[in-house]
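Engineer: Let me begin by handing over the structure; questions about it come next.
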Amino acid sequence: MPEEFAPVKSGKDCTDRQATGQNSDIFSFIFKGNIPDPYPEEACPTYIHTTAQINSLKVNTLVSGAGNINITGTVTASEVTAGGVTLTSRKAFDISHPSKEGWRLRHICLEGPESAVYYRGRLKDNNVIELPDYWVGLVDPESITVTLTQIGYSQDLIVDKIEWGKRIVIKSGTGANIDCYYLIHGERIDGEKLIVEYEGSEYPGDNSQYSINK
(Lines give C-alpha, C1' and ligand atoms only; values in the text may rest on other atoms or scores of the structure.)
Protein backbone atom coordinates (compact mmCIF):
# COMPACT_ATOMS: atom_id res chain seq x y z
CA MET A 1 0.00 0.00 0.00
CA PRO A 2 1.42 3.43 -0.89
CA GLU A 3 2.56 5.38 2.14
CA GLU A 4 0.21 8.30 1.41
CA PHE A 5 -2.78 5.95 1.75
CA ALA A 6 -1.59 4.26 4.93
CA PRO A 7 -4.19 4.48 7.78
CA VAL A 8 -3.44 7.07 10.46
CA LYS A 9 -3.53 5.79 14.02
CA SER A 10 -5.96 7.69 16.20
CA GLY A 11 -4.90 9.07 19.58
CA LYS A 12 -5.28 11.92 22.03
CA ASP A 13 -4.34 15.38 20.82
CA CYS A 14 -3.14 17.31 23.88
CA THR A 15 -1.64 20.26 21.99
CA ASP A 16 -1.67 23.55 23.90
CA ARG A 17 -3.97 25.93 22.03
CA GLN A 18 -4.93 29.61 22.26
CA ALA A 19 -8.04 30.26 24.37
CA THR A 20 -10.94 31.75 22.40
CA GLY A 21 -14.56 32.62 23.09
CA GLN A 22 -16.88 35.35 24.28
CA ASN A 23 -16.29 37.57 27.31
CA SER A 24 -17.86 36.28 30.52
CA ASP A 25 -18.78 38.31 33.63
CA ILE A 26 -19.05 35.22 35.83
CA PHE A 27 -16.37 34.81 38.52
CA SER A 28 -15.39 31.19 37.95
CA PHE A 29 -12.16 29.24 37.93
CA ILE A 30 -9.86 29.87 34.98
CA PHE A 31 -10.18 27.15 32.36
CA LYS A 32 -7.69 26.37 29.63
CA GLY A 33 -9.00 23.92 27.04
CA ASN A 34 -6.70 21.69 25.03
CA ILE A 35 -9.15 20.20 22.51
CA PRO A 36 -11.39 22.03 20.02
CA ASP A 37 -15.17 21.63 20.09
CA PRO A 38 -16.92 19.22 20.02
CA TYR A 39 -15.07 17.73 22.96
CA PRO A 40 -14.33 14.05 22.18
CA GLU A 41 -14.77 11.39 24.84
CA GLU A 42 -11.25 10.06 24.34
CA ALA A 43 -9.61 13.49 24.93
CA CYS A 44 -7.43 14.38 27.89
CA PRO A 45 -9.37 15.48 31.00
CA THR A 46 -9.95 19.20 31.46
CA TYR A 47 -8.54 21.27 34.29
CA ILE A 48 -9.48 24.36 36.27
CA HIS A 49 -6.88 26.54 37.97
CA THR A 50 -7.29 26.48 41.76
CA THR A 51 -3.65 27.55 41.93
CA ALA A 52 -1.62 29.20 39.20
CA GLN A 53 1.77 30.71 38.42
CA ILE A 54 2.73 33.10 35.66
CA ASN A 55 5.67 35.39 34.95
CA SER A 56 3.63 38.52 34.27
CA LEU A 57 0.03 39.55 34.88
CA LYS A 58 -1.79 42.47 33.29
CA VAL A 59 -5.19 43.45 34.70
CA ASN A 60 -7.20 45.83 32.55
CA THR A 61 -10.02 46.66 34.96
CA LEU A 62 -10.24 45.27 38.48
CA VAL A 63 -8.75 42.89 41.01
CA SER A 64 -11.12 42.01 43.86
CA GLY A 65 -11.51 39.34 46.50
CA ALA A 66 -11.38 38.47 50.18
CA GLY A 67 -8.02 36.72 50.32
CA ASN A 68 -4.49 37.80 51.23
CA ILE A 69 -1.78 39.18 48.95
CA ASN A 70 1.77 38.19 49.85
CA ILE A 71 4.52 40.04 47.97
CA THR A 72 8.27 39.78 48.52
CA GLY A 73 9.21 42.25 45.78
CA THR A 74 8.31 45.87 45.04
CA VAL A 75 4.75 47.09 44.70
CA THR A 76 4.46 50.16 42.44
CA ALA A 77 1.17 51.96 42.02
CA SER A 78 -0.04 55.47 41.32
CA GLU A 79 -2.78 54.97 43.89
CA VAL A 80 -3.67 52.20 46.36
CA THR A 81 -6.98 51.91 48.21
CA ALA A 82 -7.37 49.76 51.31
CA GLY A 83 -10.53 49.53 53.39
CA GLY A 84 -12.08 52.39 51.45
CA VAL A 85 -9.08 54.63 52.22
CA THR A 86 -6.73 55.70 49.43
CA LEU A 87 -3.07 55.37 50.37
CA THR A 88 -0.93 58.13 48.92
CA SER A 89 2.52 59.45 49.79
CA ARG A 90 1.18 60.11 53.30
CA LYS A 91 0.70 56.93 55.30
CA ALA A 92 -2.76 57.32 56.83
CA PHE A 93 -5.31 55.13 58.55
CA ASP A 94 -8.99 55.91 59.04
CA ILE A 95 -11.09 54.02 61.63
CA SER A 96 -14.38 54.30 63.48
CA HIS A 97 -14.07 56.72 66.38
CA PRO A 98 -13.53 54.77 69.63
CA SER A 99 -15.69 57.06 71.79
CA LYS A 100 -17.92 59.23 69.52
CA GLU A 101 -20.71 57.38 67.77
CA GLY A 102 -21.05 58.37 64.13
CA TRP A 103 -17.58 59.92 64.02
CA ARG A 104 -14.35 58.65 62.50
CA LEU A 105 -10.69 59.05 63.49
CA ARG A 106 -7.83 59.64 61.05
CA HIS A 107 -4.10 59.67 61.87
CA ILE A 108 -0.98 60.02 59.76
CA CYS A 109 2.16 57.95 60.37
CA LEU A 110 5.17 59.82 61.69
CA GLU A 111 7.91 60.12 59.07
CA GLY A 112 11.66 60.44 59.39
CA PRO A 113 15.00 59.80 57.66
CA GLU A 114 15.63 56.41 59.26
CA SER A 115 14.01 53.07 59.93
CA ALA A 116 13.57 53.45 63.67
CA VAL A 117 11.81 51.72 66.57
CA TYR A 118 10.88 53.13 69.95
CA TYR A 119 10.29 51.99 73.53
CA ARG A 120 8.56 54.12 76.13
CA GLY A 121 7.29 53.89 79.70
CA ARG A 122 7.67 55.18 83.24
CA LEU A 123 10.64 54.72 85.56
CA LYS A 124 9.93 55.14 89.29
CA ASP A 125 12.10 54.44 92.33
CA ASN A 126 14.61 52.75 90.07
CA ASN A 127 17.52 53.92 87.95
CA VAL A 128 17.71 51.23 85.24
CA ILE A 129 15.59 50.95 82.08
CA GLU A 130 15.69 47.40 80.74
CA LEU A 131 15.29 47.37 76.96
CA PRO A 132 13.33 44.56 75.26
CA ASP A 133 15.35 41.44 74.48
CA TYR A 134 14.48 41.68 70.78
CA TRP A 135 16.35 45.00 70.52
CA VAL A 136 19.58 42.98 70.46
CA GLY A 137 20.21 42.24 66.79
CA LEU A 138 17.37 44.53 65.70
CA VAL A 139 18.64 47.94 66.83
CA ASP A 140 22.05 49.54 66.29
CA PRO A 141 23.23 50.18 69.88
CA GLU A 142 25.24 53.20 68.73
CA SER A 143 22.04 54.87 67.51
CA ILE A 144 20.09 54.69 70.79
CA THR A 145 18.83 58.02 72.14
CA VAL A 146 16.93 58.65 75.38
CA THR A 147 14.43 61.37 76.29
CA LEU A 148 13.48 61.76 79.97
CA THR A 149 10.57 63.77 81.37
CA GLN A 150 10.70 64.19 85.15
CA ILE A 151 7.44 63.90 87.11
CA GLY A 152 6.40 66.01 90.08
CA TYR A 153 9.63 67.81 90.90
CA SER A 154 13.04 68.68 89.50
CA GLN A 155 15.42 65.72 89.60
CA ASP A 156 18.26 66.82 87.28
CA LEU A 157 18.06 63.52 85.38
CA ILE A 158 21.11 62.29 83.48
CA VAL A 159 21.70 59.29 81.20
CA ASP A 160 24.69 57.80 82.98
CA LYS A 161 25.44 54.99 80.50
CA ILE A 162 23.92 52.57 78.00
CA GLU A 163 25.17 49.06 78.61
CA TRP A 164 25.50 46.63 75.67
CA GLY A 165 22.41 48.08 74.00
CA LYS A 166 20.35 46.26 76.64
CA ARG A 167 19.92 48.58 79.60
CA ILE A 168 20.05 52.29 80.28
CA VAL A 169 21.33 53.60 83.58
CA ILE A 170 19.84 56.88 84.84
CA LYS A 171 21.05 59.03 87.71
CA SER A 172 19.73 62.11 89.48
CA GLY A 173 22.09 65.05 89.82
CA THR A 174 20.22 66.13 92.96
CA GLY A 175 20.15 62.67 94.51
CA ALA A 176 16.34 62.65 94.42
CA ASN A 177 14.24 59.55 93.95
CA ILE A 178 13.75 59.04 90.25
CA ASP A 179 10.24 59.35 88.81
CA CYS A 180 10.08 60.03 85.07
CA TYR A 181 8.67 59.11 81.71
CA TYR A 182 11.14 57.83 79.12
CA LEU A 183 11.10 57.61 75.35
CA ILE A 184 13.88 55.66 73.65
CA HIS A 185 14.58 55.48 69.93
CA GLY A 186 16.97 53.31 67.98
CA GLU A 187 17.67 52.72 64.30
CA ARG A 188 17.16 49.22 62.94
CA ILE A 189 20.36 47.39 62.04
CA ASP A 190 18.81 44.52 60.04
CA GLY A 191 18.71 46.43 56.74
CA GLU A 192 20.53 49.07 54.78
CA LYS A 193 20.39 52.69 55.88
CA LEU A 194 17.75 54.79 54.18
CA ILE A 195 18.98 56.96 51.31
CA VAL A 196 16.80 60.00 51.96
CA GLU A 197 17.52 62.06 48.83
CA TYR A 198 18.48 60.74 45.42
CA GLU A 199 18.49 62.04 41.86
CA GLY A 200 16.19 60.62 39.21
CA SER A 201 13.38 58.07 39.56
CA GLU A 202 15.42 54.95 40.39
CA TYR A 203 16.24 54.39 44.07
CA PRO A 204 20.01 53.68 44.35
CA GLY A 205 19.58 51.21 47.23
CA ASP A 206 17.61 48.03 47.90
CA ASN A 207 14.16 48.92 46.62
CA SER A 208 12.65 45.58 47.68
CA GLN A 209 12.29 46.88 51.25
CA TYR A 210 9.75 49.56 50.35
CA SER A 211 6.30 50.04 48.90
CA ILE A 212 6.56 52.85 46.35
CA ASN A 213 4.00 55.53 45.55
CA LYS A 214 4.61 57.53 42.38
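Order determines the names: the first chain of the C-alpha coordinates is A, the second B, and so forth; residues in each chain are numbered 1 upward, and ligands are numbered 1 upward as they are shown.
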Could you pull out the helix (DSSP H, G or I) residues of range 57-168 of chain A, going by DSSP on the backbone, and write them as a count of residues only?
Structural biologist: 6
Engineer: Which neighbours of range 203-209 of chain A fall inside 9 Å, counting only C-alpha atoms, when residues of the same chain fewer than 4 positions from it are skipped, and could you give them as a list in words?
Structural biologist: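 Within the cut-off, the hits are Thr72, Gly73, Thr74, Val75, Gly191, Glu192, Lys193, Leu194, Ile195, Tyr198 and Glu199 of chain A.
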Engineer: Near Trp164 in chain A, counting only C-alpha atoms, which residues have an atom at most 10 Å away, once you skip same-chain residues fewer than 5 positions from it, shown as a short mmCIF file (atom, residue, chain, number, x, y, z; two decimals) with N, CA and C atoms, in the first residue's frame?
Structural biologist:
data_model
loop_
_atom_site.label_atom_id
_atom_site.label_comp_id
_atom_site.auth_asym_id
_atom_site.auth_seq_id
_atom_site.Cartn_x
_atom_site.Cartn_y
_atom_site.Cartn_z
N VAL A 136 18.25 43.51 70.79
CA VAL A 136 19.58 42.98 70.46
C VAL A 136 19.50 42.29 69.09
N PRO A 141 23.06 49.61 68.54
CA PRO A 141 23.23 50.18 69.88
C PRO A 141 23.86 51.56 69.87
N GLU A 142 24.62 51.88 68.82
CA GLU A 142 25.24 53.20 68.73
C GLU A 142 24.24 54.29 68.36
#
Engineer: Just the residues within 8 Å of Arg122 in chain A, please, counting only C-alpha atoms, with nothing from its chain fewer than 4 positions along; format it as a list of chain:residue names.
Structural biologist: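 Everything that qualifies: A:Asp179, A:Cys180, A:Tyr181, A:Tyr182.
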Engineer: Could you give me the residues within range 36-168 of chain A that DSSP places in strand (DSSP E), as JSON, numbers by chain?
Structural biologist: {"A": [48, 49, 76, 77, 80, 81, 82, 85, 86, 87, 92, 93, 94, 95, 96, 104, 105, 106, 107, 108, 116, 117, 118, 119, 120, 121, 122, 123, 124, 128, 129, 130, 145, 146, 147, 148, 149, 150, 157, 158, 159, 160, 161, 162, 163, 167, 168]}
Engineer: So that I have them on file, write out the residues from the current selection with N, CA and C atoms, as a short mmCIF file (atom, residue, chain, number, x, y, z; two decimals), in the first residue's frame.
Structural biologist:
data_model
loop_
_atom_site.label_atom_id
_atom_site.label_comp_id
_atom_site.auth_asym_id
_atom_site.auth_seq_id
_atom_site.Cartn_x
_atom_site.Cartn_y
_atom_site.Cartn_z
N ILE A 48 -9.25 22.99 35.86
CA ILE A 48 -9.48 24.36 36.27
C ILE A 48 -8.35 24.75 37.19
N HIS A 49 -8.02 26.05 37.20
CA HIS A 49 -6.88 26.54 37.97
C HIS A 49 -7.34 26.93 39.38
N THR A 76 4.48 48.80 42.98
CA THR A 76 4.46 50.16 42.44
C THR A 76 3.07 50.48 41.95
N ALA A 77 2.52 51.59 42.42
CA ALA A 77 1.17 51.96 42.02
C ALA A 77 1.02 53.48 42.13
N VAL A 80 -3.26 53.45 45.73
CA VAL A 80 -3.67 52.20 46.36
C VAL A 80 -4.78 52.50 47.34
N THR A 81 -5.86 51.73 47.29
CA THR A 81 -6.98 51.91 48.21
C THR A 81 -7.12 50.67 49.07
N ALA A 82 -7.21 50.86 50.38
CA ALA A 82 -7.37 49.76 51.31
C ALA A 82 -8.45 50.13 52.32
N VAL A 85 -9.98 53.48 52.04
CA VAL A 85 -9.08 54.63 52.22
C VAL A 85 -7.99 54.56 51.15
N THR A 86 -7.77 55.65 50.45
CA THR A 86 -6.73 55.70 49.43
C THR A 86 -5.40 56.04 50.07
N LEU A 87 -4.41 55.17 49.83
CA LEU A 87 -3.07 55.37 50.37
C LEU A 87 -2.26 56.17 49.37
N ALA A 92 -1.64 57.00 55.95
CA ALA A 92 -2.76 57.32 56.83
C ALA A 92 -3.56 56.07 57.17
N PHE A 93 -4.29 56.14 58.28
CA PHE A 93 -5.31 55.13 58.55
C PHE A 93 -6.55 55.85 59.05
N ASP A 94 -7.71 55.30 58.74
CA ASP A 94 -8.99 55.91 59.04
C ASP A 94 -9.88 54.83 59.65
N ILE A 95 -10.33 55.04 60.91
CA ILE A 95 -11.09 54.02 61.63
C ILE A 95 -12.32 54.65 62.28
N SER A 96 -13.24 53.80 62.71
CA SER A 96 -14.38 54.30 63.48
C SER A 96 -13.88 54.92 64.78
N ARG A 104 -15.49 59.47 62.90
CA ARG A 104 -14.35 58.65 62.50
C ARG A 104 -13.07 59.33 62.98
N LEU A 105 -11.99 58.56 63.01
CA LEU A 105 -10.69 59.05 63.49
C LEU A 105 -9.64 58.77 62.41
N ARG A 106 -8.88 59.80 62.06
CA ARG A 106 -7.83 59.64 61.05
C ARG A 106 -6.51 60.13 61.63
N HIS A 107 -5.46 59.31 61.45
CA HIS A 107 -4.10 59.67 61.87
C HIS A 107 -3.15 59.46 60.71
N ILE A 108 -2.04 60.15 60.75
CA ILE A 108 -0.98 60.02 59.76
C ILE A 108 0.26 59.46 60.45
N ALA A 116 13.34 53.42 62.23
CA ALA A 116 13.57 53.45 63.67
C ALA A 116 12.46 52.73 64.44
N VAL A 117 12.78 52.30 65.65
CA VAL A 117 11.81 51.72 66.57
C VAL A 117 11.89 52.52 67.87
N TYR A 118 10.86 52.39 68.69
CA TYR A 118 10.88 53.13 69.95
C TYR A 118 10.40 52.23 71.09
N TYR A 119 10.72 52.67 72.31
CA TYR A 119 10.29 51.99 73.53
C TYR A 119 10.04 53.08 74.56
N ARG A 120 8.89 53.05 75.20
CA ARG A 120 8.56 54.12 76.13
C ARG A 120 7.92 53.54 77.38
N GLY A 121 7.90 54.35 78.46
CA GLY A 121 7.29 53.89 79.70
C GLY A 121 7.58 54.86 80.83
N ARG A 122 7.42 54.37 82.05
CA ARG A 122 7.67 55.18 83.24
C ARG A 122 8.68 54.47 84.13
N LEU A 123 9.62 55.23 84.65
CA LEU A 123 10.64 54.72 85.56
C LEU A 123 10.43 55.39 86.91
N LYS A 124 10.20 54.59 87.96
CA LYS A 124 9.93 55.14 89.29
C LYS A 124 10.66 54.33 90.34
N VAL A 128 17.32 52.03 86.40
CA VAL A 128 17.71 51.23 85.24
C VAL A 128 16.49 50.96 84.36
N ILE A 129 16.61 51.28 83.08
CA ILE A 129 15.59 50.95 82.08
C ILE A 129 16.08 49.72 81.33
N GLU A 130 15.34 48.63 81.45
CA GLU A 130 15.69 47.40 80.74
C GLU A 130 15.02 47.43 79.37
N THR A 145 18.97 56.72 71.47
CA THR A 145 18.83 58.02 72.14
C THR A 145 17.72 57.91 73.18
N VAL A 146 17.85 58.73 74.25
CA VAL A 146 16.93 58.65 75.38
C VAL A 146 16.39 60.04 75.70
N THR A 147 15.07 60.13 75.84
CA THR A 147 14.43 61.37 76.29
C THR A 147 13.75 61.10 77.62
N LEU A 148 14.04 61.93 78.63
CA LEU A 148 13.48 61.76 79.97
C LEU A 148 12.63 62.97 80.33
N THR A 149 11.46 62.70 80.89
CA THR A 149 10.57 63.77 81.37
C THR A 149 10.31 63.55 82.85
N GLN A 150 10.85 64.38 83.70
CA GLN A 150 10.70 64.19 85.15
C GLN A 150 9.27 64.50 85.60
N LEU A 157 17.84 64.89 85.88
CA LEU A 157 18.06 63.52 85.38
C LEU A 157 19.14 63.49 84.31
N ILE A 158 19.96 62.45 84.38
CA ILE A 158 21.11 62.29 83.48
C ILE A 158 21.15 60.84 83.00
N VAL A 159 21.42 60.64 81.70
CA VAL A 159 21.70 59.29 81.20
C VAL A 159 23.15 58.99 81.55
N ASP A 160 23.35 58.11 82.51
CA ASP A 160 24.69 57.80 82.98
C ASP A 160 25.44 56.94 81.97
N LYS A 161 24.79 55.87 81.49
CA LYS A 161 25.44 54.99 80.50
C LYS A 161 24.39 54.07 79.88
N ILE A 162 24.73 53.58 78.69
CA ILE A 162 23.92 52.57 78.00
C ILE A 162 24.79 51.32 77.89
N GLU A 163 24.36 50.27 78.51
CA GLU A 163 25.17 49.06 78.61
C GLU A 163 24.74 48.02 77.58
N ARG A 167 20.45 47.89 78.43
CA ARG A 167 19.92 48.58 79.60
C ARG A 167 20.48 49.99 79.67
N ILE A 168 19.67 50.89 80.17
CA ILE A 168 20.05 52.29 80.28
C ILE A 168 20.06 52.68 81.75
#
Engineer: Excluding Asp156 in chain A and residues on its chain fewer than 2 positions from it, collect all residues at most 9 Å away from it, counting only C-alpha atoms, and give them as a PyMOL selection string.
Structural biologist: chain A and resi 150+154+158+171-176
Engineer: Contacts of Leu138 in chain A at 8 Å or less, counting only C-alpha atoms, minus same-chain residues fewer than 3 places along, as a ChimeraX atom specification?
Structural biologist: /A:134-135,188-190
Engineer: Here is a test: counting only C-alpha atoms, which residue of A:Cys109, A:Gln53, A:Asn177, A:Ala43 is nearest to Asn126 in chain A?
Structural biologist: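 When distances to Asn126 in chain A are compared using only C-alpha atoms, the smallest one comes from A:Asn177.
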Engineer: So the first atom is CA of Ile170 in chain A and the second is CA of Val139 in chain A; what is the distance between them in Å, to one decimal place?
Structural biologist: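 Between CA of Ile170 in chain A and CA of Val139 in chain A the gap works out to 20.1 Å.
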Engineer: Using only C-alpha atoms, find the one residue out of A:Ile184, A:Leu110, A:Ala52, A:Ile151 that sits nearest to Leu131 in chain A.
Structural biologist: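 Of A:Ile184, A:Leu110, A:Ala52, A:Ile151, the one nearest Leu131 in chain A, counting only C-alpha atoms, is A:Ile184.
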Engineer: How many Å separate CA of Lys91 in chain A from CA of Gly186 in chain A?
Structural biologist: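 CA of Lys91 in chain A sits 20.9 Å away from CA of Gly186 in chain A.
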Engineer: Could you work out how far CA of Asp125 in chain A lies from CA of Ile178 in chain A, giving the answer in Å with one decimal?
Structural biologist: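 Between CA of Ile178 in chain A and CA of Asp125 in chain A the gap is 5.3 Å.
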